[in-house]
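Structure below is coords-v9.txt: compact mmCIF, C-alpha atoms.
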# COMPACT_ATOMS: atom_id res chain seq x y z
CA MET A 202 -7.80 -118.29 -125.12
CA THR A 203 -11.38 -118.26 -126.37
CA THR A 204 -11.90 -118.65 -130.07
CA VAL A 205 -14.68 -117.54 -132.35
CA PRO A 206 -16.38 -120.72 -133.54
CA VAL A 207 -16.92 -121.20 -137.23
CA PRO A 208 -20.68 -121.58 -137.84
CA SER A 209 -21.60 -124.98 -139.17
CA ALA A 210 -22.13 -125.34 -142.90
CA GLU A 211 -25.74 -126.27 -142.14
CA LEU A 212 -26.28 -122.86 -140.58
CA THR A 213 -24.67 -120.91 -143.39
CA VAL A 214 -24.00 -122.38 -146.81
CA GLY A 215 -27.05 -124.58 -147.13
CA ARG A 216 -29.70 -122.12 -145.99
CA GLN A 217 -29.97 -119.88 -149.05
CA GLY A 218 -33.60 -119.95 -150.21
CA HIS A 219 -34.94 -121.76 -147.15
CA TYR A 220 -37.95 -120.45 -145.25
CA ALA A 221 -36.86 -117.91 -142.66
CA GLY A 222 -37.73 -118.42 -139.02
CA ALA A 223 -39.35 -116.33 -136.33
CA VAL A 224 -36.31 -114.77 -134.67
CA SER A 225 -34.72 -113.48 -137.87
CA ARG A 226 -38.04 -112.08 -139.03
CA LEU A 227 -38.81 -110.47 -135.69
CA ALA A 228 -35.33 -108.91 -135.57
CA ALA A 229 -35.76 -107.61 -139.12
CA PHE A 230 -39.16 -106.15 -138.23
CA ALA A 231 -37.73 -104.50 -135.11
CA ALA A 232 -34.95 -102.98 -137.24
CA ASP A 233 -37.55 -101.74 -139.72
CA VAL A 234 -39.68 -100.19 -136.99
CA GLY A 235 -36.60 -98.38 -135.69
CA ALA A 236 -35.51 -97.26 -139.15
CA SER A 237 -38.98 -96.09 -140.18
CA TRP A 238 -39.47 -94.24 -136.88
CA GLY A 239 -36.11 -92.59 -137.26
CA ALA A 240 -36.87 -91.54 -140.81
CA TYR A 241 -40.33 -90.32 -139.80
CA ALA A 242 -38.96 -88.26 -136.92
CA LEU A 243 -36.30 -86.81 -139.20
CA GLY A 244 -38.91 -85.95 -141.82
CA ALA A 245 -41.17 -84.31 -139.23
CA ALA A 246 -38.25 -82.25 -137.93
CA LEU A 247 -37.35 -81.13 -141.48
CA ILE A 248 -40.97 -80.15 -142.19
CA ASN A 249 -41.05 -78.23 -138.91
CA ALA A 250 -37.84 -76.41 -139.83
CA ALA A 251 -39.11 -75.64 -143.35
CA VAL A 252 -42.45 -74.28 -142.07
CA LYS A 253 -40.62 -72.18 -139.49
CA LEU A 254 -38.29 -70.85 -142.15
CA VAL A 255 -41.12 -69.88 -144.49
CA THR A 256 -43.84 -68.67 -142.07
CA GLY A 257 -41.80 -67.79 -139.02
CA HIS A 258 -44.13 -69.93 -136.86
CA SER A 259 -43.17 -73.18 -135.23
CA TYR A 260 -45.20 -76.19 -136.35
CA THR A 261 -45.05 -79.42 -134.41
CA LEU A 262 -46.78 -82.43 -135.95
CA SER A 263 -47.29 -84.07 -132.55
CA ASN A 264 -49.62 -81.22 -131.59
CA HIS A 265 -52.03 -82.45 -134.27
CA GLN A 266 -52.53 -86.06 -133.20
CA VAL A 267 -54.95 -87.14 -135.93
CA LEU A 268 -52.77 -85.67 -138.65
CA ALA A 269 -49.68 -87.16 -137.03
CA LEU A 270 -51.35 -90.60 -136.88
CA ILE A 271 -52.50 -90.43 -140.50
CA SER A 272 -49.12 -89.25 -141.75
CA TRP A 273 -47.39 -91.95 -139.70
CA VAL A 274 -49.68 -94.68 -141.11
CA VAL A 275 -49.14 -93.40 -144.64
CA TRP A 276 -45.39 -93.26 -144.09
CA GLU A 277 -45.25 -96.82 -142.72
CA PHE A 278 -47.35 -98.01 -145.66
CA VAL A 279 -44.98 -96.33 -148.12
CA TYR A 280 -41.90 -97.56 -146.22
CA PHE A 281 -42.87 -101.23 -146.35
CA SER A 282 -44.84 -101.50 -149.59
CA TYR A 283 -42.36 -99.50 -151.69
CA GLN A 284 -39.33 -101.48 -150.52
CA TRP A 285 -41.07 -104.83 -150.90
CA ALA A 286 -42.30 -103.88 -154.37
CA VAL A 287 -38.87 -102.71 -155.52
CA SER A 288 -36.55 -105.36 -154.09
CA GLY A 289 -38.62 -107.79 -152.04
CA LYS A 290 -36.85 -106.70 -148.88
CA THR A 291 -36.91 -103.82 -146.44
CA LEU A 292 -33.88 -102.27 -144.82
CA GLY A 293 -34.23 -104.50 -141.76
CA MET A 294 -34.66 -107.59 -143.93
CA ALA A 295 -31.57 -106.68 -145.93
CA VAL A 296 -29.58 -106.45 -142.70
CA LEU A 297 -30.85 -109.84 -141.50
CA GLY A 298 -30.52 -111.37 -144.97
CA LEU A 299 -34.20 -112.07 -145.64
CA GLN A 300 -36.35 -111.65 -148.72
CA VAL A 301 -40.06 -111.79 -149.48
CA VAL A 302 -40.86 -114.07 -152.41
CA THR A 303 -44.02 -115.52 -153.88
CA LYS A 304 -45.31 -118.81 -152.52
CA GLN A 305 -43.47 -120.52 -155.38
CA GLY A 306 -40.24 -118.62 -154.76
CA GLY A 307 -40.35 -115.96 -157.47
CA PRO A 308 -40.17 -112.16 -157.12
CA ILE A 309 -43.32 -110.55 -155.72
CA SER A 310 -45.43 -108.04 -157.64
CA GLY A 311 -46.32 -104.51 -156.57
CA ARG A 312 -49.87 -105.66 -155.85
CA GLN A 313 -48.60 -108.39 -153.53
CA ALA A 314 -46.36 -105.84 -151.79
CA VAL A 315 -49.34 -103.55 -151.16
CA ILE A 316 -51.58 -106.39 -149.93
CA ARG A 317 -48.79 -107.67 -147.68
CA THR A 318 -48.32 -104.23 -146.14
CA ILE A 319 -52.04 -103.75 -145.44
CA ALA A 320 -52.25 -107.31 -144.10
CA LEU A 321 -49.23 -106.65 -141.86
CA GLY A 322 -51.14 -103.81 -140.21
CA LEU A 323 -54.12 -106.10 -139.66
CA CYS A 324 -51.87 -108.82 -138.25
CA LEU A 325 -50.39 -106.38 -135.75
CA LEU A 326 -53.92 -105.76 -134.46
CA THR A 327 -54.19 -109.46 -133.53
CA LEU A 328 -51.42 -108.95 -130.95
CA GLY A 329 -49.14 -111.51 -132.53
CA ILE A 330 -51.61 -114.38 -133.01
CA ALA A 331 -51.54 -113.89 -136.78
CA PHE A 332 -47.78 -114.49 -136.74
CA LEU A 333 -47.92 -117.93 -135.07
CA GLY A 334 -47.84 -119.49 -138.52
CA ILE A 335 -44.14 -118.58 -138.73
CA VAL A 336 -43.47 -121.23 -136.09
CA PHE A 337 -46.32 -123.69 -136.54
CA GLN A 338 -47.11 -123.61 -140.26
CA ARG A 339 -45.18 -125.90 -142.62
CA GLU A 340 -44.14 -123.03 -144.92
CA ARG A 341 -43.46 -120.66 -142.00
CA ARG A 342 -46.04 -118.22 -143.36
CA ALA A 343 -47.85 -115.65 -141.21
CA LEU A 344 -51.38 -114.46 -141.97
CA ASN A 345 -50.12 -111.55 -144.07
CA ASP A 346 -48.13 -114.04 -146.16
CA PHE A 347 -51.27 -116.08 -146.79
CA LEU A 348 -53.29 -113.01 -147.76
CA ALA A 349 -50.59 -111.77 -150.15
CA GLY A 350 -49.50 -115.19 -151.43
CA THR A 351 -45.93 -114.68 -150.24
CA ALA A 352 -43.26 -116.36 -148.13
CA VAL A 353 -40.04 -115.14 -146.50
CA VAL A 354 -36.71 -116.85 -147.21
CA TYR A 355 -33.06 -116.48 -146.21
CA ASP A 356 -31.31 -114.50 -148.90
CA TRP A 357 -27.84 -113.68 -147.64
CA ASP A 358 -24.70 -114.73 -149.39
CA ALA A 359 -24.15 -117.55 -146.98
CA ARG A 360 -21.25 -119.15 -148.87
CA ALA A 361 -19.27 -115.92 -148.93
CA ALA A 362 -20.03 -115.45 -145.25
CA ARG A 363 -18.72 -118.91 -144.46
CA LEU A 364 -15.55 -118.26 -146.45
CA ARG A 365 -15.03 -115.08 -144.45
CA TRP A 366 -15.45 -117.10 -141.26
CA MET A 367 -12.92 -119.64 -142.49
CA ALA A 368 -10.56 -116.83 -143.46
CA ARG A 369 -10.83 -115.28 -140.03
CA LYS A 370 -9.47 -118.50 -138.59
CA GLU A 371 -6.10 -117.25 -139.78
CA GLY A 372 -6.39 -114.22 -137.57
CA PRO A 373 -4.71 -113.92 -134.16
CA LEU A 374 -7.63 -115.57 -132.38
CA ARG A 375 -7.26 -118.72 -134.44
CA ARG A 376 -3.51 -119.00 -134.69
CA GLY A 377 -1.84 -121.81 -132.82
CA PRO A 378 0.78 -121.31 -130.08
CA GLU A 379 3.58 -121.24 -132.67
CA HIS A 380 2.03 -118.12 -134.16
CA THR A 381 1.30 -116.40 -130.90
CA ALA A 382 3.61 -113.60 -129.90
CA PRO A 383 5.61 -114.35 -126.74
CA ALA A 384 4.33 -112.84 -123.54
CA PRO A 385 6.21 -109.74 -122.43
CA MET B 267 30.98 -177.25 -210.99
CA THR B 268 28.00 -179.58 -210.32
CA PRO B 269 26.48 -179.61 -206.83
CA ASN B 270 27.05 -182.65 -204.63
CA PRO B 271 23.71 -184.59 -204.64
CA ILE B 272 24.55 -186.51 -201.46
CA GLY B 273 25.40 -183.33 -199.55
CA SER B 274 22.16 -181.75 -200.69
CA LYS B 275 20.13 -184.76 -199.56
CA VAL B 276 21.82 -184.81 -196.15
CA GLU B 277 21.05 -181.13 -195.76
CA GLN B 278 17.38 -181.74 -196.58
CA LEU B 279 17.27 -184.64 -194.13
CA ALA B 280 18.84 -182.49 -191.41
CA GLN B 281 16.32 -179.76 -192.15
CA ALA B 282 13.39 -182.18 -191.95
CA LEU B 283 14.74 -183.67 -188.71
CA ALA B 284 15.17 -180.23 -187.18
CA GLU B 285 11.63 -179.25 -188.09
CA ARG B 286 10.25 -182.31 -186.32
CA ILE B 287 12.58 -182.39 -183.32
CA VAL B 288 12.64 -178.72 -182.33
CA PRO B 289 8.86 -178.45 -181.66
CA LEU B 290 9.06 -181.68 -179.66
CA ILE B 291 11.89 -180.26 -177.51
CA VAL B 292 10.13 -176.95 -177.06
CA ASP B 293 6.93 -178.71 -176.03
CA ALA B 294 8.89 -180.83 -173.59
CA ILE B 295 10.41 -177.84 -171.83
CA ASP B 296 8.41 -176.49 -168.89
CA ILE B 297 9.03 -172.74 -169.26
CA ASP B 298 7.57 -171.98 -165.83
CA THR B 299 9.91 -174.38 -164.10
CA LEU B 300 12.77 -172.93 -166.04
CA LEU B 301 11.86 -169.39 -165.06
CA ASP B 302 11.45 -170.44 -161.44
CA LYS B 303 15.05 -171.60 -161.50
CA VAL B 304 16.28 -168.27 -162.80
CA ASP B 305 17.23 -165.90 -160.00
CA VAL B 306 16.02 -162.62 -161.49
CA GLU B 307 17.17 -160.65 -158.44
CA LYS B 308 20.73 -161.87 -158.98
CA ILE B 309 20.60 -160.80 -162.63
CA ILE B 310 19.28 -157.38 -161.68
CA GLU B 311 22.01 -157.04 -159.05
CA ARG B 312 24.65 -157.76 -161.66
CA VAL B 313 23.33 -155.16 -164.02
CA ASP B 314 24.89 -151.78 -163.36
CA VAL B 315 21.93 -149.51 -164.14
CA GLU B 316 23.91 -146.39 -163.29
CA LYS B 317 26.47 -147.30 -165.92
CA ILE B 318 23.73 -147.77 -168.52
CA ILE B 319 22.16 -144.46 -167.63
CA ASP B 320 25.54 -142.75 -167.77
CA ARG B 321 26.00 -144.05 -171.28
CA VAL B 322 22.63 -142.69 -172.42
CA ASP B 323 22.94 -139.20 -173.79
CA VAL B 324 19.59 -137.78 -172.68
CA GLU B 325 20.37 -134.42 -174.25
CA LYS B 326 20.83 -136.10 -177.61
CA ILE B 327 17.48 -137.86 -177.27
CA ILE B 328 15.76 -134.62 -176.32
CA ASP B 329 17.40 -132.86 -179.24
CA ARG B 330 16.04 -135.48 -181.58
CA VAL B 331 12.49 -135.14 -180.27
CA ASP B 332 10.53 -132.48 -182.09
CA VAL B 333 8.40 -131.26 -179.18
CA GLN B 334 6.72 -128.64 -181.34
CA LYS B 335 5.56 -131.36 -183.72
CA ILE B 336 4.08 -133.33 -180.82
CA ILE B 337 2.32 -130.26 -179.47
CA ASP B 338 0.96 -129.47 -182.91
CA ARG B 339 -0.48 -132.96 -183.14
CA VAL B 340 -2.32 -132.62 -179.81
CA ASP B 341 -5.92 -131.46 -180.22
CA VAL B 342 -6.15 -129.24 -177.15
CA GLN B 343 -9.77 -128.36 -177.85
CA GLN B 344 -10.69 -132.04 -177.81
CA ILE B 345 -8.95 -132.46 -174.46
CA ILE B 346 -10.75 -129.43 -173.05
CA ASP B 347 -14.07 -130.76 -174.34
CA ARG B 348 -13.45 -134.04 -172.59
CA VAL B 349 -12.60 -132.44 -169.26
CA ASP B 350 -15.60 -132.09 -166.96
CA ILE B 351 -14.79 -128.74 -165.33
CA ASN B 352 -17.84 -128.96 -163.08
CA ALA B 353 -16.68 -132.30 -161.71
CA ILE B 354 -13.23 -130.83 -161.00
CA VAL B 355 -14.72 -127.81 -159.27
CA ASP B 356 -17.03 -130.08 -157.26
CA ASP B 357 -14.00 -132.07 -156.14
CA ILE B 358 -12.26 -129.00 -154.78
CA ASP B 359 -12.63 -128.69 -151.04
CA ILE B 360 -13.10 -124.93 -150.85
CA ASP B 361 -13.04 -124.95 -147.05
CA ALA B 362 -9.70 -126.76 -146.99
CA LEU B 363 -8.35 -124.48 -149.70
CA VAL B 364 -9.26 -121.37 -147.72
CA GLU B 365 -7.99 -122.90 -144.50
CA HIS B 366 -4.61 -124.07 -145.77
CA THR B 367 -3.66 -121.33 -148.19
CA GLU B 368 -3.21 -117.59 -148.21
CA LEU B 369 -6.50 -117.40 -150.12
CA GLY B 370 -8.33 -117.05 -146.84
CA SER B 371 -6.50 -113.95 -145.73
CA ILE B 372 -6.88 -112.45 -149.21
CA ILE B 373 -10.65 -112.95 -149.04
CA ALA B 374 -10.69 -111.62 -145.52
CA ARG B 375 -8.73 -108.52 -146.45
CA SER B 376 -10.80 -107.82 -149.54
CA THR B 377 -14.27 -108.45 -148.18
CA THR B 378 -14.28 -108.27 -144.42
CA GLY B 379 -15.18 -105.09 -142.69
CA VAL B 380 -16.41 -104.64 -139.16
CA VAL B 381 -19.99 -104.28 -140.39
CA THR B 382 -19.73 -107.44 -142.50
CA GLU B 383 -18.38 -109.39 -139.54
CA ILE B 384 -21.20 -108.17 -137.31
CA LEU B 385 -23.77 -109.04 -139.99
CA ASP B 386 -22.33 -112.55 -140.39
CA VAL B 387 -22.55 -113.13 -136.65
CA VAL B 388 -26.06 -111.69 -136.32
CA ARG B 389 -27.38 -113.67 -139.28
CA ALA B 390 -25.77 -116.95 -138.22
CA GLN B 391 -27.06 -116.52 -134.67
CA GLY B 392 -30.49 -115.63 -136.06
CA VAL B 393 -30.62 -118.82 -138.11
CA GLY B 394 -29.62 -120.86 -135.07
CA LEU B 395 -32.33 -119.25 -132.93
CA ASP B 396 -34.89 -119.70 -135.72
CA ASP B 397 -34.22 -123.43 -135.67
CA PHE B 398 -34.37 -123.52 -131.88
CA ILE B 399 -37.76 -121.77 -131.74
CA LEU B 400 -39.17 -123.91 -134.57
CA ARG B 401 -37.98 -127.15 -132.96
CA TRP B 402 -39.12 -126.37 -129.44
CA GLY B 403 -42.34 -124.65 -130.49
CA ASN B 404 -43.44 -127.74 -132.37
CA ARG B 405 -42.14 -130.09 -129.70
CA LEU B 406 -44.39 -128.34 -127.16
CA ILE B 407 -47.47 -129.15 -129.22
CA GLY B 408 -46.22 -132.65 -130.03
CA ARG B 409 -45.48 -132.11 -133.71
CA ARG B 410 -41.71 -132.46 -133.65
CA LYS B 411 -41.64 -135.53 -135.90
CA ARG B 412 -43.63 -133.76 -138.56
CA LEU B 413 -40.91 -131.13 -138.98
CA ALA B 414 -38.81 -133.56 -141.00
CA THR B 415 -41.52 -133.70 -143.66
CA TRP B 416 -41.91 -129.94 -143.95
CA PRO B 417 -40.48 -128.28 -147.09
CA GLU B 418 -37.24 -126.36 -146.61
CA GLY B 419 -38.18 -123.59 -148.99
CA PRO B 420 -40.33 -122.59 -151.96
CA PRO B 421 -40.16 -125.04 -154.91
CA LEU B 422 -38.46 -122.56 -157.24
CA LEU B 423 -35.63 -122.03 -154.75
CA VAL B 424 -35.02 -125.46 -153.27
CA GLY B 425 -36.80 -127.78 -155.67
CA PRO B 426 -40.17 -129.50 -155.28
CA THR B 427 -40.86 -131.38 -152.08
CA VAL B 428 -42.86 -134.59 -152.13
CA ALA B 429 -45.81 -134.30 -149.77
CA PRO B 430 -45.92 -137.03 -147.10

Represent the structure of the file as structure tokens.
Amino acid sequence: MTTVPVPSAELTVGRQGHYAGAVSRLAAFAADVGASWGAYALGAALINAAVKLVTGHSYTLSNHQVLALISWVVWEFVYFSYQWAVSGKTLGMAVLGLQVVTKQGGPISGRQAVIRTIALGLCLLTLGIAFLGIVFQRERRALNDFLAGTAVVYDWDARAARLRWMARKEGPLRRGPEHTAPAP
Amino acid sequence: MTPNPIGSKVEQLAQALAERIVPLIVDAIDIDTLLDKVDVEKIIERVDVEKIIDRVDVEKIIDRVDVQKIIDRVDVQQIIDRVDINAIVDDIDIDALVEHTELGSIIARSTTGVVTEILDVVRAQGVGLDDFILRWGNRLIGRRKRLATWPEGPPLLVGPTVAP
């Protein structure tokens, strides 16, 4: 019978506050792109429905490409900068257990959140080159981190997670043969 | 009746003799040799401990002890002050505690949901892959050895790191 391995303490308990790596950050960003797109599409659909309800005419944002682009850029700016300013993490980062902090490790300011968001847009224009610092720089900081004076760290309750893993060992997958129900 | 002067003198003489002889005898005796000759095991075997215990009325002893008085004399606060709780907590092997007691299943029942489990897996896998990419990325450009000198996190979160 295959068993779910307990992650090593090095991977869980001891990582709180350490610089986050490329895969976690990329996964968090992908989750954020999905979440922000979903929210944007939902918002556009609601506006369309509201306009139709009031004027009787259908209004599709995608028919006005410049307006759609501007509204999308504004929305993405609000999505990232607001969340970073309020809690230091976006929805995707919260899922992956990451947090943006200052270079020293403190909470970031609203100004830093805004600069980081603008810098993120600029970094995306470099087709990924600006993000190489996450792998090759000693503080795992991308260009937008340097411009905003920030860093990204692991911020999930790793100890509680490890305890849950240990606890799961008592489940059916982890029980020895004496605990296993006899085969029918 | 007058005391016998001869008897008194003899007594004094005997006393003086005893005072001089006894220390000489005691000094002459080798206590260690004497003890070596004593078979303590045999003595212990002869003693019927059970019989002695049976004779002791433990209840009576307990009745005589004023436990309340003893408790009143104990300065509990002083004991608490002396106890280093942090050291005790540090000594507890939480992993073993969770593994060997029902505490684990209680934690699991109270905190684990499907979403939490998925998050734990995703995050742990993410950390593993982060390390993999960092290690191999820097190995490719020949900087693997330098990784050991890199700081683990910001100084406020993991403490200051001495630059190499």

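For the choices A:Phe337, A:Tyr280, A:Phe347, A:Trp238, the atom-to-atom distance to chain B is smallest for A:Phe337 when using all atoms listed in the file.
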
Set the distance at 8 Å and use only C-alpha atoms: which residues neighbour Trp285 (chain A) once local chain neighbours fewer than 2 positions away are removed? I'd like the list as a PDB file with C-alpha atoms, in the frame of the given file.
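Final output, saved to around38.pdb:
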ATOM      1  CA  PHE A 281     -42.870-101.230-146.350  1.00  0.00           C
ATOM      2  CA  SER A 282     -44.840-101.500-149.590  1.00  0.00           C
ATOM      3  CA  TYR A 283     -42.360 -99.500-151.690  1.00  0.00           C
ATOM      4  CA  VAL A 287     -38.870-102.710-155.520  1.00  0.00           C
ATOM      5  CA  SER A 288     -36.550-105.360-154.090  1.00  0.00           C
ATOM      6  CA  GLY A 289     -38.620-107.790-152.040  1.00  0.00           C
ATOM      7  CA  LYS A 290     -36.850-106.700-148.880  1.00  0.00           C
ATOM      8  CA  THR A 291     -36.910-103.820-146.440  1.00  0.00           C
ATOM      9  CA  VAL A 301     -40.060-111.790-149.480  1.00  0.00           C
ATOM     10  CA  ILE A 309     -43.320-110.550-155.720  1.00  0.00           C
ATOM     11  CA  GLY A 311     -46.320-104.510-156.570  1.00  0.00           C
ATOM     12  CA  ALA A 314     -46.360-105.840-151.790  1.00  0.00           C
TER      13      ALA A 314
END

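Atom to atom, CA of Phe278 (chain A) and CA of Leu297 (chain A) stand 20.7 Å apart.
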
Margin query: Could you list, as a list in words, every residue within 8 Å of Asn404 (chain B), counting all atoms listed in the file and ignoring same-chain residues fewer than 3 positions away?
Written below: Val336 and Phe337 of chain A; Leu400, Arg401, Ile407, Gly408, Arg409, Arg410 and Leu413 of chain B

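The part of chain A that reaches within 6 Å of chain B is made up of Gly218, His219, Tyr220, Gly222, Ala223, Val224, Ser225, Leu297, Gln305, Gly306, Val336, Arg339, Arg365 and Ala368 of chain A, counting only C-alpha atoms.
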
Residues from last step as file, C-alpha atoms, as a short mmCIF file (atom, residue, chain, number, x, y, z; two decimals), keeping the file's coordinate frame:
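Wrote selection_12.cif, looks like this:
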data_model
loop_
_atom_site.label_atom_id
_atom_site.label_comp_id
_atom_site.auth_asym_id
_atom_site.auth_seq_id
_atom_site.Cartn_x
_atom_site.Cartn_y
_atom_site.Cartn_z
CA GLY A 218 -33.60 -119.95 -150.21
CA HIS A 219 -34.94 -121.76 -147.15
CA TYR A 220 -37.95 -120.45 -145.25
CA GLY A 222 -37.73 -118.42 -139.02
CA ALA A 223 -39.35 -116.33 -136.33
CA VAL A 224 -36.31 -114.77 -134.67
CA SER A 225 -34.72 -113.48 -137.87
CA LEU A 297 -30.85 -109.84 -141.50
CA GLN A 305 -43.47 -120.52 -155.38
CA GLY A 306 -40.24 -118.62 -154.76
CA VAL A 336 -43.47 -121.23 -136.09
CA ARG A 339 -45.18 -125.90 -142.62
CA ARG A 365 -15.03 -115.08 -144.45
CA ALA A 368 -10.56 -116.83 -143.46
#

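Going from CA of Ala229 (chain A) to CA of Ala269 (chain A) covers 24.8 Å.
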
If you count only C-alpha atoms, the residue of A:Ala286, A:Val302, A:Ala246, A:Ala228 closest to Ser259 (chain A) turns out to be A:Ala246

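What separates CA of Ile248 (chain A) from CA of Val279 (chain A) is a distance of 17.7 Å.
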
Task: Nearby residues, (-50.2, -109.4, -144.6) file frame, 8 Å, all atoms listed in the file, as a ChimeraX atom specification - done: /A:316-324,343-349

Considering only C-alpha atoms, return as an mmCIF file with C-alpha atoms, keeping the file's coordinate frame whatever protein or nucleic-acid residues lie within 9 Å of Arg342 (chain A), sequence-local ones (same chain, fewer than 6 positions apart) excluded.
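Everything below was put into out_35.cif:
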data_model
loop_
_atom_site.group_PDB
_atom_site.id
_atom_site.type_symbol
_atom_site.label_atom_id
_atom_site.label_comp_id
_atom_site.auth_asym_id
_atom_site.auth_seq_id
_atom_site.Cartn_x
_atom_site.Cartn_y
_atom_site.Cartn_z
ATOM 1 C CA TYR A 220 -37.950 -120.450 -145.250
ATOM 2 C CA PHE A 332 -47.780 -114.490 -136.740
ATOM 3 C CA LEU A 333 -47.920 -117.930 -135.070
ATOM 4 C CA GLY A 334 -47.840 -119.490 -138.520
ATOM 5 C CA ILE A 335 -44.140 -118.580 -138.730
ATOM 6 C CA VAL A 336 -43.470 -121.230 -136.090
ATOM 7 C CA THR A 351 -45.930 -114.680 -150.240
ATOM 8 C CA ALA A 352 -43.260 -116.360 -148.130
ATOM 9 C CA VAL A 353 -40.040 -115.140 -146.500
#
